[in-house]
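So this block is final27.tsv, TSV, C-alpha atoms and all ligand atoms:
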chain	number	residue	atom	x	y	z
Q	6	MET	CA	103.71	69.85	138.87
Q	7	ARG	CA	101.40	71.09	136.15
Q	8	VAL	CA	103.33	72.24	133.10
Q	9	LEU	CA	101.46	74.08	130.34
Q	10	SER	CA	102.45	75.60	127.04
Q	11	GLY	CA	100.79	76.75	123.83
Q	12	ILE	CA	102.09	76.53	120.28
Q	13	GLN	CA	100.75	78.84	117.62
Q	14	PRO	CA	99.77	77.12	114.37
Q	15	SER	CA	101.27	79.86	112.28
Q	16	GLY	CA	103.46	77.92	109.89
Q	17	ARG	CA	105.31	74.66	109.36
Q	18	LEU	CA	107.60	73.79	112.25
Q	19	HIS	CA	111.31	74.01	111.58
Q	20	ILE	CA	114.45	72.76	113.25
Q	21	GLY	CA	114.81	76.05	115.14
Q	22	ASN	CA	111.42	75.37	116.74
Q	23	TYR	CA	112.46	71.81	117.52
Q	24	PHE	CA	115.77	72.55	119.22
Q	25	GLY	CA	114.49	75.80	120.73
Q	26	ALA	CA	111.18	74.60	122.18
Q	27	MET	CA	109.59	71.31	121.08
Q	28	ARG	CA	112.39	69.08	122.30
Q	29	GLN	CA	112.11	70.59	125.77
Q	30	HIS	CA	108.30	70.27	125.76
Q	31	ILE	CA	108.62	66.60	124.92
Q	32	LYS	CA	111.30	65.96	127.56
Q	33	MET	CA	109.15	67.58	130.23
Q	34	GLN	CA	106.48	64.90	129.74
Q	35	GLU	CA	108.52	62.67	132.05
Q	36	GLY	CA	107.53	63.18	135.67
Q	37	ASN	CA	105.17	66.12	135.09
Q	38	ASP	CA	101.50	66.66	134.49
Q	39	CYS	CA	101.83	68.23	131.03
Q	40	PHE	CA	99.21	70.27	129.20
Q	41	TYR	CA	100.09	71.37	125.66
Q	42	PHE	CA	97.69	72.99	123.23
Q	43	ILE	CA	97.60	74.42	119.74
Q	44	ALA	CA	96.88	78.12	120.16
Q	45	ASP	CA	94.56	78.64	117.19
Q	46	PHE	CA	92.63	81.51	118.81
Q	47	HIS	CA	95.95	83.32	119.19
Q	48	ALA	CA	96.89	82.60	115.57
Q	49	LEU	CA	93.78	84.48	114.39
Q	50	THR	CA	95.32	87.74	115.63
Q	51	SER	CA	97.52	87.79	112.54
Q	52	ASN	CA	94.58	87.18	110.18
Q	53	PRO	CA	95.60	83.95	108.42
Q	54	SER	CA	93.33	82.52	105.72
Q	55	PRO	CA	90.77	79.94	106.95
Q	56	LYS	CA	92.65	77.25	105.05
Q	57	GLU	CA	95.91	78.17	106.75
Q	58	VAL	CA	94.31	77.98	110.18
Q	59	ALA	CA	93.01	74.46	109.51
Q	60	ASP	CA	96.12	73.17	107.71
Q	61	PHE	CA	98.66	74.53	110.17
Q	62	THR	CA	96.66	73.28	113.16
Q	63	LEU	CA	96.71	69.73	111.83
Q	64	ASP	CA	100.34	70.14	110.80
Q	65	VAL	CA	101.42	71.20	114.30
Q	66	ALA	CA	99.42	68.33	115.82
Q	67	MET	CA	101.03	65.75	113.52
Q	68	SER	CA	104.48	67.21	114.04
Q	69	TYR	CA	104.26	67.10	117.83
Q	70	LEU	CA	102.87	63.57	117.81
Q	71	ALA	CA	105.55	62.45	115.36
Q	72	MET	CA	108.33	64.02	117.45
Q	73	GLY	CA	107.27	62.11	120.56
Q	74	LEU	CA	104.38	63.84	122.26
Q	75	ASP	CA	102.56	61.01	124.01
Q	76	PRO	CA	98.82	61.75	124.23
Q	77	GLU	CA	98.43	59.15	126.99
Q	78	LYS	CA	100.84	61.06	129.23
Q	79	THR	CA	100.11	64.58	128.08
Q	80	VAL	CA	96.84	66.42	127.62
Q	81	PHE	CA	97.07	67.70	124.05
Q	82	TRP	CA	94.26	69.68	122.45
Q	83	ARG	CA	93.23	72.55	120.23
Q	84	GLN	CA	92.65	75.76	122.18
Q	85	SER	CA	89.38	76.61	120.42
Q	86	ASP	CA	87.85	73.26	121.45
Q	87	VAL	CA	87.68	74.63	124.98
Q	88	PRO	CA	86.01	78.01	124.36
Q	89	GLU	CA	85.58	78.51	128.14
Q	90	VAL	CA	88.99	80.16	127.91
Q	91	THR	CA	87.49	83.11	126.02
Q	92	GLU	CA	84.88	83.66	128.71
Q	93	LEU	CA	87.61	83.72	131.33
Q	94	THR	CA	89.51	86.17	129.11
Q	95	TRP	CA	86.61	88.59	129.55
Q	96	LEU	CA	86.53	88.24	133.32
Q	97	LEU	CA	90.29	88.85	133.40
Q	98	SER	CA	90.05	91.78	130.96
Q	99	CYS	CA	87.87	93.58	133.45
Q	100	VAL	CA	90.65	93.62	136.06
Q	101	THR	CA	93.49	94.26	133.59
Q	102	PRO	CA	94.70	97.87	133.58
Q	103	MET	CA	95.26	99.29	130.09
Q	104	GLY	CA	98.75	100.39	131.14
Q	105	LEU	CA	99.79	96.77	131.64
Q	106	LEU	CA	98.93	95.92	128.03
Q	107	HIS	CA	100.45	99.14	126.68
Q	108	ARG	CA	103.76	98.03	128.16
Q	109	CYS	CA	103.78	94.70	126.28
Q	110	THR	CA	106.53	94.72	123.71
Q	111	SER	CA	105.15	91.88	121.56
Q	112	TYR	CA	102.24	94.04	120.35
Q	113	LYS	CA	104.58	96.83	119.28
Q	114	ASP	CA	106.95	94.35	117.65
Q	115	LYS	CA	104.19	92.67	115.68
Q	116	VAL	CA	102.75	95.96	114.48
Q	117	ALA	CA	106.24	97.08	113.49
Q	118	GLN	CA	106.52	93.85	111.44
Q	119	GLY	CA	103.42	94.89	109.52
Q	120	LEU	CA	100.57	93.07	111.31
Q	121	THR	CA	97.26	94.92	111.52
Q	122	PRO	CA	96.95	96.53	114.95
Q	123	ASN	CA	93.61	94.85	115.77
Q	124	HIS	CA	92.11	94.50	119.23
Q	125	GLY	CA	92.87	90.76	119.38
Q	126	LEU	CA	96.55	91.48	118.94
Q	127	PHE	CA	96.43	94.06	121.72
Q	128	ALA	CA	94.46	91.79	124.06
Q	129	TYR	CA	96.61	88.75	123.17
Q	130	PRO	CA	98.35	88.62	126.60
Q	131	VAL	CA	94.98	88.47	128.41
Q	132	LEU	CA	93.94	85.40	126.40
Q	133	GLN	CA	97.34	83.91	127.16
Q	134	ALA	CA	96.82	84.62	130.87
Q	135	ALA	CA	93.43	82.87	130.68
Q	136	ASP	CA	95.09	79.85	129.00
Q	137	ILE	CA	97.55	79.55	131.85
Q	138	LEU	CA	95.21	80.35	134.74
Q	139	ILE	CA	92.22	78.27	133.69
Q	140	TYR	CA	94.31	75.10	134.00
Q	141	LYS	CA	95.94	76.24	137.29
Q	142	SER	CA	99.36	75.75	135.73
Q	143	ASN	CA	102.48	75.93	137.89
Q	144	VAL	CA	105.16	76.16	135.23
Q	145	VAL	CA	105.09	77.54	131.71
Q	146	PRO	CA	108.01	76.53	129.49
Q	147	VAL	CA	108.50	79.16	126.81
Q	148	GLY	CA	111.17	80.93	124.80
Q	149	ALA	CA	112.69	84.11	126.25
Q	150	ASP	CA	110.42	86.21	123.98
Q	151	GLN	CA	107.41	85.09	126.07
Q	152	LYS	CA	108.79	85.99	129.49
Q	153	GLN	CA	106.87	89.25	129.65
Q	154	HIS	CA	103.60	87.43	128.97
Q	155	ILE	CA	104.12	85.19	131.99
Q	156	GLU	CA	104.85	88.25	134.15
Q	157	VAL	CA	101.65	89.85	132.87
Q	158	THR	CA	99.78	86.63	133.73
Q	159	ARG	CA	101.03	86.79	137.30
Q	160	ASP	CA	100.00	90.45	137.54
Q	161	ILE	CA	96.52	89.74	136.21
Q	162	ALA	CA	96.10	86.75	138.56
Q	163	GLY	CA	97.21	88.99	141.43
Q	164	TYR	CA	94.68	91.72	140.54
Q	165	PHE	CA	91.90	89.16	140.32
Q	166	ASN	CA	92.79	87.35	143.55
Q	167	ASN	CA	93.15	90.64	145.46
Q	168	THR	CA	89.79	91.84	144.24
Q	169	TYR	CA	87.73	88.66	144.47
Q	170	GLY	CA	89.64	86.17	146.63
Q	171	GLU	CA	92.13	83.47	145.85
Q	172	VAL	CA	90.97	81.70	142.71
Q	173	PHE	CA	94.14	81.51	140.63
Q	174	VAL	CA	97.55	79.92	141.07
Q	175	LEU	CA	100.44	82.22	140.14
Q	176	PRO	CA	102.60	80.44	137.56
Q	177	THR	CA	106.35	80.64	137.17
Q	178	ASP	CA	108.05	80.76	133.84
Q	179	HIS	CA	110.61	78.29	132.73
Q	180	ILE	CA	112.71	79.91	130.11
Q	181	ILE	CA	113.80	77.19	127.78
Q	182	GLU	CA	117.56	77.11	127.64
Q	183	SER	CA	117.73	76.56	123.95
Q	184	VAL	CA	121.01	75.51	122.47
Q	185	ALA	CA	121.49	79.18	121.63
Q	186	VAL	CA	119.70	80.53	118.62
Q	187	VAL	CA	119.51	78.10	115.71
Q	188	PRO	CA	120.72	79.90	112.59
Q	189	GLY	CA	118.79	79.74	109.34
Q	190	VAL	CA	120.33	79.05	105.95
Q	191	ASP	CA	121.20	82.74	105.54
Q	192	GLY	CA	122.88	82.96	108.95
Q	193	ARG	CA	120.16	85.03	110.63
Q	194	LYS	CA	117.98	83.44	113.36
Q	195	MET	CA	116.00	80.64	111.75
Q	196	SER	CA	112.47	81.99	111.54
Q	197	LYS	CA	109.50	81.51	109.26
Q	198	SER	CA	109.27	85.29	108.95
Q	199	TYR	CA	112.72	85.36	107.31
Q	200	GLY	CA	112.01	82.49	104.89
Q	201	ASN	CA	115.32	80.87	105.92
Q	202	THR	CA	114.05	77.73	107.61
Q	203	ILE	CA	114.71	74.04	107.22
Q	204	GLU	CA	111.33	72.51	108.01
Q	205	LEU	CA	111.18	69.36	110.09
Q	206	PHE	CA	109.26	67.43	107.49
Q	207	GLU	CA	110.07	68.95	104.15
Q	208	PRO	CA	111.20	66.53	101.40
Q	209	GLU	CA	114.73	65.24	101.89
Q	210	LYS	CA	115.78	66.59	98.51
Q	211	SER	CA	114.78	70.08	99.47
Q	212	ILE	CA	116.60	69.78	102.82
Q	213	LYS	CA	119.69	68.85	100.86
Q	214	ASN	CA	119.36	71.81	98.48
Q	215	LYS	CA	118.92	74.22	101.35
Q	216	ILE	CA	121.87	72.90	103.34
Q	217	MET	CA	124.16	73.04	100.32
Q	218	LYS	CA	123.26	76.73	99.99
Q	219	ILE	CA	123.94	77.69	103.62
Q	220	VAL	CA	125.85	80.95	103.70
Q	221	THR	CA	129.51	80.61	104.73
Q	222	ASP	CA	132.47	82.97	104.54
Q	223	SER	CA	135.08	82.83	101.78
Q	224	THR	CA	137.95	81.25	103.71
Q	225	PRO	CA	139.81	79.06	101.17
Q	226	VAL	CA	139.74	75.27	101.58
Q	227	GLU	CA	143.38	75.04	102.80
Q	228	ALA	CA	143.05	77.75	105.46
Q	229	PRO	CA	142.10	77.10	109.12
Q	230	LYS	CA	138.51	78.02	109.96
Q	231	ASP	CA	136.77	79.14	113.12
Q	232	PRO	CA	133.97	76.64	113.86
Q	233	ASP	CA	132.23	79.09	116.17
Q	234	LYS	CA	131.69	81.49	113.29
Q	235	CYS	CA	130.25	78.93	110.90
Q	236	ASN	CA	126.53	78.35	110.32
Q	237	VAL	CA	127.14	74.79	109.12
Q	238	PHE	CA	129.04	73.96	112.29
Q	239	ALA	CA	126.28	75.51	114.42
Q	240	LEU	CA	123.83	73.01	112.91
Q	241	LEU	CA	126.28	70.12	113.19
Q	242	LYS	CA	126.48	70.89	116.90
Q	243	LEU	CA	122.80	70.08	117.24
Q	244	VAL	CA	122.75	66.76	115.46
Q	245	ALA	CA	126.24	65.20	115.34
Q	246	SER	CA	127.56	62.82	117.99
Q	247	LYS	CA	130.11	64.27	120.43
Q	248	GLU	CA	132.93	62.29	118.85
Q	249	GLU	CA	132.09	63.35	115.35
Q	250	LEU	CA	131.67	66.95	116.37
Q	251	LYS	CA	135.13	66.91	117.92
Q	252	GLN	CA	136.53	65.55	114.64
Q	253	TRP	CA	134.87	68.35	112.68
Q	254	GLU	CA	136.14	70.94	115.11
Q	255	ASP	CA	139.70	69.66	114.58
Q	256	LYS	CA	139.28	69.62	110.81
Q	257	TYR	CA	138.03	73.22	110.83
Q	258	ARG	CA	140.91	74.46	112.96
Q	259	LYS	CA	143.53	72.56	111.01
Q	260	GLY	CA	142.44	73.73	107.57
Q	261	GLY	CA	142.32	71.60	104.45
Q	262	THR	CA	138.60	70.85	104.67
Q	263	GLY	CA	136.10	72.91	102.72
Q	264	TYR	CA	132.68	74.02	103.92
Q	265	GLY	CA	131.17	71.94	101.10
Q	266	GLU	CA	132.40	68.76	102.74
Q	267	ALA	CA	130.90	69.75	106.08
Q	268	LYS	CA	127.61	70.57	104.36
Q	269	LYS	CA	127.44	67.16	102.67
Q	270	ARG	CA	127.94	65.41	105.99
Q	271	LEU	CA	125.39	67.69	107.66
Q	272	VAL	CA	122.79	66.62	105.07
Q	273	GLU	CA	123.40	62.96	105.91
Q	274	ILE	CA	123.29	63.46	109.66
Q	275	ILE	CA	120.16	65.61	109.64
Q	276	ILE	CA	118.31	63.15	107.43
Q	277	GLU	CA	119.36	60.25	109.66
Q	278	TYR	CA	118.51	62.17	112.85
Q	279	PHE	CA	114.94	62.88	111.78
Q	280	LYS	CA	114.29	59.58	109.98
Q	281	PRO	CA	112.28	57.83	112.73
Q	282	PHE	CA	110.17	60.95	113.23
Q	283	ARG	CA	109.56	61.21	109.52
Q	284	GLN	CA	108.31	57.62	109.45
Q	285	LYS	CA	105.94	58.28	112.33
Q	286	ARG	CA	104.71	61.40	110.61
Q	287	ALA	CA	104.04	59.49	107.36
Q	288	GLU	CA	101.85	57.05	109.32
Q	289	LEU	CA	99.93	59.90	110.95
Q	290	GLU	CA	99.37	61.55	107.59
Q	291	LYS	CA	97.56	58.44	106.40
Q	292	ASN	CA	95.23	58.75	109.36
Q	293	PRO	CA	94.17	62.36	109.99
Q	294	ASP	CA	91.04	61.09	111.75
Q	295	TYR	CA	93.19	59.52	114.43
Q	296	VAL	CA	94.94	62.88	114.92
Q	297	LYS	CA	91.62	64.74	115.17
Q	298	GLU	CA	90.25	62.15	117.60
Q	299	THR	CA	93.39	62.49	119.72
Q	300	LEU	CA	92.88	66.25	119.93
Q	301	ALA	CA	89.20	65.74	120.72
Q	302	LYS	CA	90.05	63.38	123.59
Q	303	GLY	CA	92.55	65.90	124.92
Q	304	ALA	CA	89.93	68.63	124.69
Q	305	ARG	CA	87.51	66.61	126.79
Q	306	ARG	CA	90.13	66.20	129.54
Q	307	ALA	CA	91.09	69.89	129.37
Q	308	LYS	CA	87.47	71.04	129.35
Q	309	ALA	CA	86.62	69.34	132.64
Q	310	ILE	CA	89.31	71.40	134.39
Q	311	ALA	CA	88.54	74.60	132.49
Q	312	GLN	CA	84.85	74.44	133.34
Q	313	ALA	CA	85.55	73.98	137.05
Q	314	THR	CA	87.94	76.96	137.20
Q	315	LEU	CA	85.63	79.14	135.15
Q	316	MET	CA	82.78	78.37	137.51
Q	317	GLU	CA	84.93	79.39	140.49
Q	318	ALA	CA	85.76	82.65	138.74
Q	319	ARG	CA	82.11	83.32	137.76
Q	320	ARG	CA	81.03	82.81	141.35
Q	321	ALA	CA	83.86	84.97	142.67
Q	322	VAL	CA	82.87	87.98	140.55
Q	323	GLY	CA	79.15	87.58	141.32
Q	324	LEU	CA	77.87	86.10	138.06
Q	325	GLY	CA	77.31	82.75	139.75
Q	326	ASP	CA	75.94	79.76	137.88
Q	327	TYR	CA	74.42	79.98	134.40
Q	328	TYR	CA	70.64	80.67	134.29
Q	329	GLY	CA	70.35	79.63	130.70
Q	401	LIG	P1	109.26	81.76	114.13
Q	401	LIG	O1	110.41	82.69	114.48
Q	401	LIG	O2	109.62	80.80	113.04
Q	401	LIG	O3	107.97	82.52	113.88
Q	401	LIG	P2	108.07	81.17	116.67
Q	401	LIG	O4	108.28	82.57	117.13
Q	401	LIG	O5	106.67	80.70	116.37
Q	401	LIG	O6	109.01	80.86	115.41
Q	401	LIG	O7	108.73	80.20	117.75
Q	401	LIG	C1	108.11	79.16	118.46
Q	401	LIG	C2	109.11	78.64	119.48
Q	401	LIG	O8	110.31	78.16	118.84
Q	401	LIG	C3	109.55	79.72	120.46
Q	401	LIG	O9	109.58	79.18	121.76
Q	401	LIG	C4	110.96	80.10	120.04
Q	401	LIG	O10	111.75	80.44	121.14
Q	401	LIG	C5	111.47	78.81	119.37
Q	401	LIG	N1	112.35	79.19	118.23
Q	401	LIG	C6	111.95	79.67	117.05
Q	401	LIG	N2	112.99	79.89	116.21
Q	401	LIG	C7	114.11	79.54	116.91
Q	401	LIG	C8	115.51	79.54	116.60
Q	401	LIG	N3	115.97	79.92	115.42
Q	401	LIG	N4	116.36	79.12	117.56
Q	401	LIG	C9	115.91	78.70	118.77
Q	401	LIG	N5	114.60	78.67	119.12
Q	401	LIG	C10	113.70	79.08	118.21
Q	402	LIG	N1	102.20	83.30	122.83
Q	402	LIG	C1	102.83	81.98	122.71
Q	402	LIG	C2	103.82	82.03	121.51
Q	402	LIG	O1	103.65	82.82	120.60
Q	402	LIG	C3	101.79	80.92	122.47
Q	402	LIG	C4	100.89	80.74	123.65
Q	402	LIG	C5	99.56	81.04	123.70
Q	402	LIG	C6	101.27	80.28	124.95
Q	402	LIG	N2	99.06	80.76	124.95
Q	402	LIG	C7	100.06	80.31	125.72
Q	402	LIG	C8	102.48	79.87	125.49
Q	402	LIG	C9	100.09	79.92	127.08
Q	402	LIG	C10	102.48	79.48	126.84
Q	402	LIG	C11	101.28	79.52	127.61
Q	402	LIG	O2	104.75	81.23	121.48

Starting from the file, lay out its structure as structure tokens.
Amino acid sequence: MRVLSGIQPSGRLHIGNYFGAMRQHIKMQEGNDCFYFIADFHALTSNPSPKEVADFTLDVAMSYLAMGLDPEKTVFWRQSDVPEVTELTWLLSCVTPMGLLHRCTSYKDKVAQGLTPNHGLFAYPVLQAADILIYKSNVVPVGADQKQHIEVTRDIAGYFNNTYGEVFVLPTDHIIESVAVVPGVDGRKMSKSYGNTIELFEPEKSIKNKIMKIVTDSTPVEAPKDPDKCNVFALLKLVASKEELKQWEDKYRKGGTGYGEAKKRLVEIIIEYFKPFRQKRAELEKNPDYVKETLAKGARRAKAIAQATLMEARRAVGLGDYYG
């Protein structure tokens, strides 16, 4: 089964990204034919600075490799290294009804958040459809926010196949069952747009400072506490062993333990949990050329497939082979 997903290089990855998406991507490497790429063309739709594009791309690559992406098993590349996908985007654009794009909620949401309503942002789902279709992907693991984009991809593939013959495989989505929403230090959903994240690889000291400032309610130390209403407990759930979690649950319900104590233990567990990944990441940082070469190798594997599908699509619409 071919599994494909894209990750936008739009900021430093945080533990919400890890437990909500990355961990699942990495697990799916076993027994599948996985294709993961860094969606730098997509990131341009929000007009980052050139330095941000380059830095975040390398950062995402190092983070995924450090967290266990195996470039021998998985094809891992940078979207813009296979520019064939933009040519396919054009062919797909010409069978995409405007109404389909007008119905996409992500465009409206992003404009409401203050992004410039440029054409790239509007056409974003067509580029995403090209990403998925050019590699003939069967399954696309994504967060629930991307479900509509996979439906749009199926619609576009259907329009194309009905008009020109069966070229594309219709993908199914795989909505990642994340361990619910990971809360940020202020209790809202952890998100880089809220500035409430704990990054995967930020300095340990800064992780500690952030955890100690996690917002909790004002229940006094002696009083019983509801673990399900506590942001510290929600994070403990992700990283503590079952046995330890049970102990914390009992302590919360019994009373007599302050949130400060739970926070201190959370710092230790989080640092321990991510230690091996942090070591791997430190090695990769010493060798950015290895990371770039890994992406280049992935791009060569991806390109062979992309070129073949693009050629099928060119022939189907009547453009045929290149003259030039
Ligand atoms: P951000 O909100 O920081 O901009 P993205 O929207 O780029 O993060 O998310 C990338 C992936 O990480 C998505 O699949 C999303 O579902 C997942 N994700 C992000 N934040 C969280 C969170 N707080 N809890 C669970 N999953 C998350
Ligand atoms: N739009 C996705 C996101 O913001 C990123 C993405 C781009 C993607 N192309 C894709 C995801 C293709 C899955 C398949 O998270």

Subject >> Gap from CA of Asp294 in chain Q to CA of Gly36 in chain Q - Å, one decimal >> reply: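 Distance reported for this atom pair: 29.1 Å.
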
Subject >> Two-atom distance - CA of Lys230 in chain Q, CA of Glu277 in chain Q (Å) >> reply: 26.1 Å

**OP:** Using all atoms listed in the file, determine which residues lie at most 8 Å from Trp82 in chain Q, disregarding the query and same-chain residues fewer than 4 positions distant; provide the list as JSON, numbers by chain.
**Re:** {"Q": [41, 42, 43, 86, 299, 300, 301, 302, 303, 304, 307]}

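Using all atoms listed in the file for every distance, the candidate list Q:Asp114, Q:Trp253, Q:Ile274, Q:Glu57 yields Q:Ile274 as the residue closest to Ile216 in chain Q.
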
**OP:** Have a look at Q:Val58, Q:Leu271, Q:Ile20, Q:Val157 and name the one nearest to ligand LIG 402 (chain Q); count only C-alpha atoms and all ligand atoms.
**Re:** Q:Val157

Original post:
Hey, can you pull every residue with an atom no more than 8 Å from (117.6, 70.7, 116.2), using only C-alpha atoms, and send it as number ranges by chain?
Top reply: Q: 20-25, 187, 240, 243-244

**OP:** Kindly work out which residues sit at most 7 Å from ligand LIG 402 (chain Q), using all atoms listed in the file, and give the list as a PyMOL selection string.
**Re:** chain Q and resi 9-13+44+47+133-134+136-137+145-147+151
